[in-house]
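Below you'll find the structure, written out as structure tokens, and then a few comments.
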Amino acid sequence: MTQNRPSFLVTKLVTKNKFMTITTHFYLNNYTRKDGKRQIFYDVSINKERERIPTGLYVKPEHWDNMNRRVKKKFDTEDINLSLDNMDSKTTEIKTHYRLSKGAFLDIKTFRNEFFSKTPKYDFISFMRHNIEEVPTKESSKRHARSVLAKLEEYKSPLPFNNLTLGFFEDYRGHLYKKGNKNTTISGNIKTIKKYINLARKHGLFINFDTDELKVGSMAGNKTNLTIKEVSILKDYYFSEDIDPLHMLSLGYFLFSCFTSMRVSEIQNLKRFDLKGNAITFHSEKTEKSHTIVLNNTAKSLVESQPRLFVEHLHANYINRTLKNIMKLEKINIKKNVSMHTGRHTFATNFLRKGGNVRDLQQILNHSSILTTMIYVHIVEKESNLSIYLMD
């Protein structure tokens with residue numbers, strides 16, 4: 001048996017040391033349309049200031065329950081009550097936000113602005129979307145943030161700030177995992193969301209948990225890489241006369257990454273005339289810094305043998321599909337999930353396998369922290385430890 005709703009909602013809260021009373025209720029306007037229906041209005045009073053908000057919803061007076069301030073259940077064929085409940089919920093979120101936010105003051109004008117705003121202050125989804133578009137940053141970062149936001153919005157929207165808790169993020173991690181996201185992807189998503197939560201706190205918005213306790217998790221991944229022998233097999237195929245012409249460009253770009261450490265986005269921005277000297281200087285989209293690397297002889301030969309390389313650029317998705325087909329060739333037979341990103345990991349691990357210095361590798365990879373570079377050291381050390389079984 002459902003309980004009757006109160007005829008109006010009264011909330012008392014303190015902001016700026018002022019005792020504030022808010023009352024809300026729905027009522028029917030006196031004007032009757034030709035179809036016999038009247039519009040439902042939302043009456044909001046804050047400290048004796050009043051706002052009557054038209055809902056755009058209509059109902060016949062005989063179908064209206066004036067005690068519960070809702071449409072009588074048997075006549076609610078258009079889910080009008082659900083819309084009214086949502087308005088009440090929105091009001092509750094606004095009131096809660098202003099009650100918890102330090103120094104915030106809610107009057108009737110502010111309430112109206114929040115109620116109709118496309119970017120209400122109480123909703124984290126709206127806050128994040130607004131700042132993604134308005135805060136100056138590189139386009140690749142915006143694309144990533146939009147992708148993260150789309151997943152979060154699909155999970156819960158609106159998302160009031162007071163719903164952001166450590167428990168919420170535990171549930172959200174589980175949701176992303178069930179949707180097939182890898183641990184590294186989940187960690188990256190949480191890291192991005194955490195960035196905007198911290199931004200909200202800087203703007204004076206109330207966050208009811210310590211963001212330092214929101215652990216991002218590892219973003220290292222498994223760093224798929226090719227061995228020196230596997231790279232040699234691919235290089236032989238690239239320089240062979242029987243290479244499939246459809247494979248040449250994709251494999252050329254991939255091998256260039258394997259011998260230079262360059263990311264796919266950096267490679268796609270290069271022109272052939274950039275490669276005439278012994279070194280190249282480029283701007284990294286990821287680090288937003290200029291970086292210079294020396295071209296080794298193998299990298300030069302890859303370019304010299306194929307005139308179309310760095311003249312005809314290919315989309316990363318096309319290259320990755322082609323690489324998967326190449327790995328399946330009988331003469332190649334590399335059973336690894338290879339993509340353009342594998343090229344950078346391959347350079348790093350093979351550099352260390354051949355005796356390269358980790359500090360030099362840090363400079364080549366343009367890592368700000370040696371700890372990031374040490375991931376590759378651990379991969380190679382693990383391989384060395386396994387070699388003990390050669391004695392069996």
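Here's how to read the names in the structure tokens: chain A, B, ... by the order shown, residue numbers from 1 in each chain, ligand numbers from 1 in the order shown.
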Handout entry: Exercise: A:Ser89 partners within 12 Å, only C-alpha atoms, chain neighbours under 4 positions left out, as a ChimeraX atom specification
Key = /A:9,24,82-85,93-96,115,122,158-160
Exercise for the section: For A:Met87, work out the shell of residues within 12 Å, counting only C-alpha atoms and skipping chain neighbours fewer than 4 positions away, then give it as a ChimeraX atom specification. Expected result: /A:24-26,41-44,53-55,57,80-83,91-94,115-116
Handout entry: Selection: 9 Å around A:Leu275, only C-alpha atoms, excl. self and same-chain fewer than 4 positions, as a PyMOL selection string
Key = chain A and resi 270-271+279-280+295+300+303
Export, as a PDB file, in the first residue's frame, the selected residues with C-alpha atoms.
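Saved to selection_19.pdb:
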ATOM      1  CA  LEU A 270      55.634  14.101 -39.927  1.00  0.00           C
ATOM      2  CA  LYS A 271      56.266  15.057 -43.555  1.00  0.00           C
ATOM      3  CA  ALA A 279      67.685  14.057 -36.353  1.00  0.00           C
ATOM      4  CA  ILE A 280      64.062  15.146 -36.195  1.00  0.00           C
ATOM      5  CA  LEU A 295      67.505   8.877 -36.691  1.00  0.00           C
ATOM      6  CA  LYS A 300      66.539   6.060 -42.526  1.00  0.00           C
ATOM      7  CA  VAL A 303      62.053   5.760 -45.415  1.00  0.00           C
TER       8      VAL A 303
END
Practice task
Report as a PyMOL selection string: the residues of stretch 95-230 of chain A with a DSSP assignment of helix (DSSP H, G or I), based on the backbone of this structure.
Solution key: chain A and resi 95-100+108-116+124-134+139-155+161-163+166-178+183-202+211-213+228-230
Problem - Residues near stretch 125-134 of chain A, cut-off 12 Å, only C-alpha atoms, skip fewer than 5 positions along chain, as a ChimeraX atom specification - result: /A:114,117-120,139-161,163-164,192-201,203,205
Generate a file of the selected residues that holds C-alpha atoms, formatted as a PDB file, in the first residue's frame.
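Wrote result.pdb, looks like this:
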ATOM      1  CA  GLU A 114      19.647  26.454 -11.362  1.00  0.00           C
ATOM      2  CA  SER A 117      20.175  25.803 -16.342  1.00  0.00           C
ATOM      3  CA  LYS A 118      21.726  23.418 -18.873  1.00  0.00           C
ATOM      4  CA  THR A 119      24.823  23.371 -16.658  1.00  0.00           C
ATOM      5  CA  PRO A 120      23.411  23.345 -13.105  1.00  0.00           C
ATOM      6  CA  GLU A 139      41.926  18.519 -28.810  1.00  0.00           C
ATOM      7  CA  SER A 140      43.126  14.964 -28.123  1.00  0.00           C
ATOM      8  CA  SER A 141      42.550  15.544 -24.385  1.00  0.00           C
ATOM      9  CA  LYS A 142      39.065  16.878 -25.097  1.00  0.00           C
ATOM     10  CA  ARG A 143      38.230  13.797 -27.186  1.00  0.00           C
ATOM     11  CA  HIS A 144      39.386  11.497 -24.399  1.00  0.00           C
ATOM     12  CA  ALA A 145      37.437  13.446 -21.757  1.00  0.00           C
ATOM     13  CA  ARG A 146      34.276  13.385 -23.904  1.00  0.00           C
ATOM     14  CA  SER A 147      34.601   9.611 -24.229  1.00  0.00           C
ATOM     15  CA  VAL A 148      34.988   9.242 -20.452  1.00  0.00           C
ATOM     16  CA  LEU A 149      31.998  11.522 -19.856  1.00  0.00           C
ATOM     17  CA  ALA A 150      29.793   9.589 -22.298  1.00  0.00           C
ATOM     18  CA  LYS A 151      30.343   6.377 -20.318  1.00  0.00           C
ATOM     19  CA  LEU A 152      29.692   8.108 -17.007  1.00  0.00           C
ATOM     20  CA  GLU A 153      26.556   9.802 -18.339  1.00  0.00           C
ATOM     21  CA  GLU A 154      25.249   6.471 -19.618  1.00  0.00           C
ATOM     22  CA  TYR A 155      25.742   5.011 -16.133  1.00  0.00           C
ATOM     23  CA  LYS A 156      24.026   7.835 -14.218  1.00  0.00           C
ATOM     24  CA  SER A 157      22.654  11.178 -15.355  1.00  0.00           C
ATOM     25  CA  PRO A 158      22.090  13.570 -13.768  1.00  0.00           C
ATOM     26  CA  LEU A 159      24.815  12.876 -11.230  1.00  0.00           C
ATOM     27  CA  PRO A 160      24.476  15.196  -8.215  1.00  0.00           C
ATOM     28  CA  PHE A 161      27.722  16.087  -6.482  1.00  0.00           C
ATOM     29  CA  ASN A 163      26.205  11.211  -4.967  1.00  0.00           C
ATOM     30  CA  LEU A 164      29.957  11.209  -5.587  1.00  0.00           C
ATOM     31  CA  THR A 192      40.076  11.794 -15.805  1.00  0.00           C
ATOM     32  CA  ILE A 193      36.947  11.980 -13.637  1.00  0.00           C
ATOM     33  CA  LYS A 194      39.092  12.669 -10.567  1.00  0.00           C
ATOM     34  CA  LYS A 195      40.720  15.573 -12.409  1.00  0.00           C
ATOM     35  CA  TYR A 196      37.330  17.259 -12.884  1.00  0.00           C
ATOM     36  CA  ILE A 197      36.239  16.525  -9.312  1.00  0.00           C
ATOM     37  CA  ASN A 198      39.354  18.323  -8.079  1.00  0.00           C
ATOM     38  CA  LEU A 199      38.557  21.180 -10.464  1.00  0.00           C
ATOM     39  CA  ALA A 200      35.052  21.414  -8.973  1.00  0.00           C
ATOM     40  CA  ARG A 201      36.550  21.619  -5.489  1.00  0.00           C
ATOM     41  CA  HIS A 203      35.637  26.258  -7.831  1.00  0.00           C
ATOM     42  CA  LEU A 205      31.832  23.172  -4.924  1.00  0.00           C
TER      43      LEU A 205
END
Handout entry: Interatomic distance (Å, one decimal) between atom CA of A:Ile375 and atom CA of A:Lys235
Key = 26.0 Å
Exercise for the section: Name all residues at most 9 Å from stretch 331-335 of chain A (count only C-alpha atoms; drop same-chain ones fewer than 3 positions away) and give them as a list in words. Expected result: Leu226, Glu230, Ile233, Leu234, Tyr237, Ile326, Met327, Lys328 and Val338 of chain A
Handout entry: Long-range neighbours of A:Gly56 as an MDAnalysis selection string, 10 Å cut-off, only C-alpha atoms, 6 positions minimum in chain
Key = chainID A and resid 38:41
Based on the selection just made, write C-alpha atoms of those residues as an mmCIF file, in the first residue's frame.
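That gives us out.cif:
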data_model
loop_
_atom_site.group_PDB
_atom_site.id
_atom_site.type_symbol
_atom_site.label_atom_id
_atom_site.label_comp_id
_atom_site.auth_asym_id
_atom_site.auth_seq_id
_atom_site.Cartn_x
_atom_site.Cartn_y
_atom_site.Cartn_z
ATOM 1 C CA ARG A 38 -5.546 22.801 -16.966
ATOM 2 C CA GLN A 39 -1.789 23.283 -16.720
ATOM 3 C CA ILE A 40 0.081 22.044 -13.651
ATOM 4 C CA PHE A 41 2.246 24.726 -12.031
#
Exercise for the section: Looking only at strand (DSSP E or B) from DSSP on the backbone, list the matching residues of stretch 148-319 of chain A as a PyMOL selection string. Expected result: chain A and resi 160+279-284+289-294
Exercise for the section: Pick out the residues sitting within 6 Å of A:Thr373, and hand them over as JSON, numbers by chain; count only C-alpha atoms, and ignore anything fewer than 3 positions along from it in its own chain. Expected result: {"A": [362, 370, 376]}
Problem - Atomic distance atom CA of A:Ser284 - atom CA of A:Ser261, expressed in Å with one decimal - result: 12.1 Å
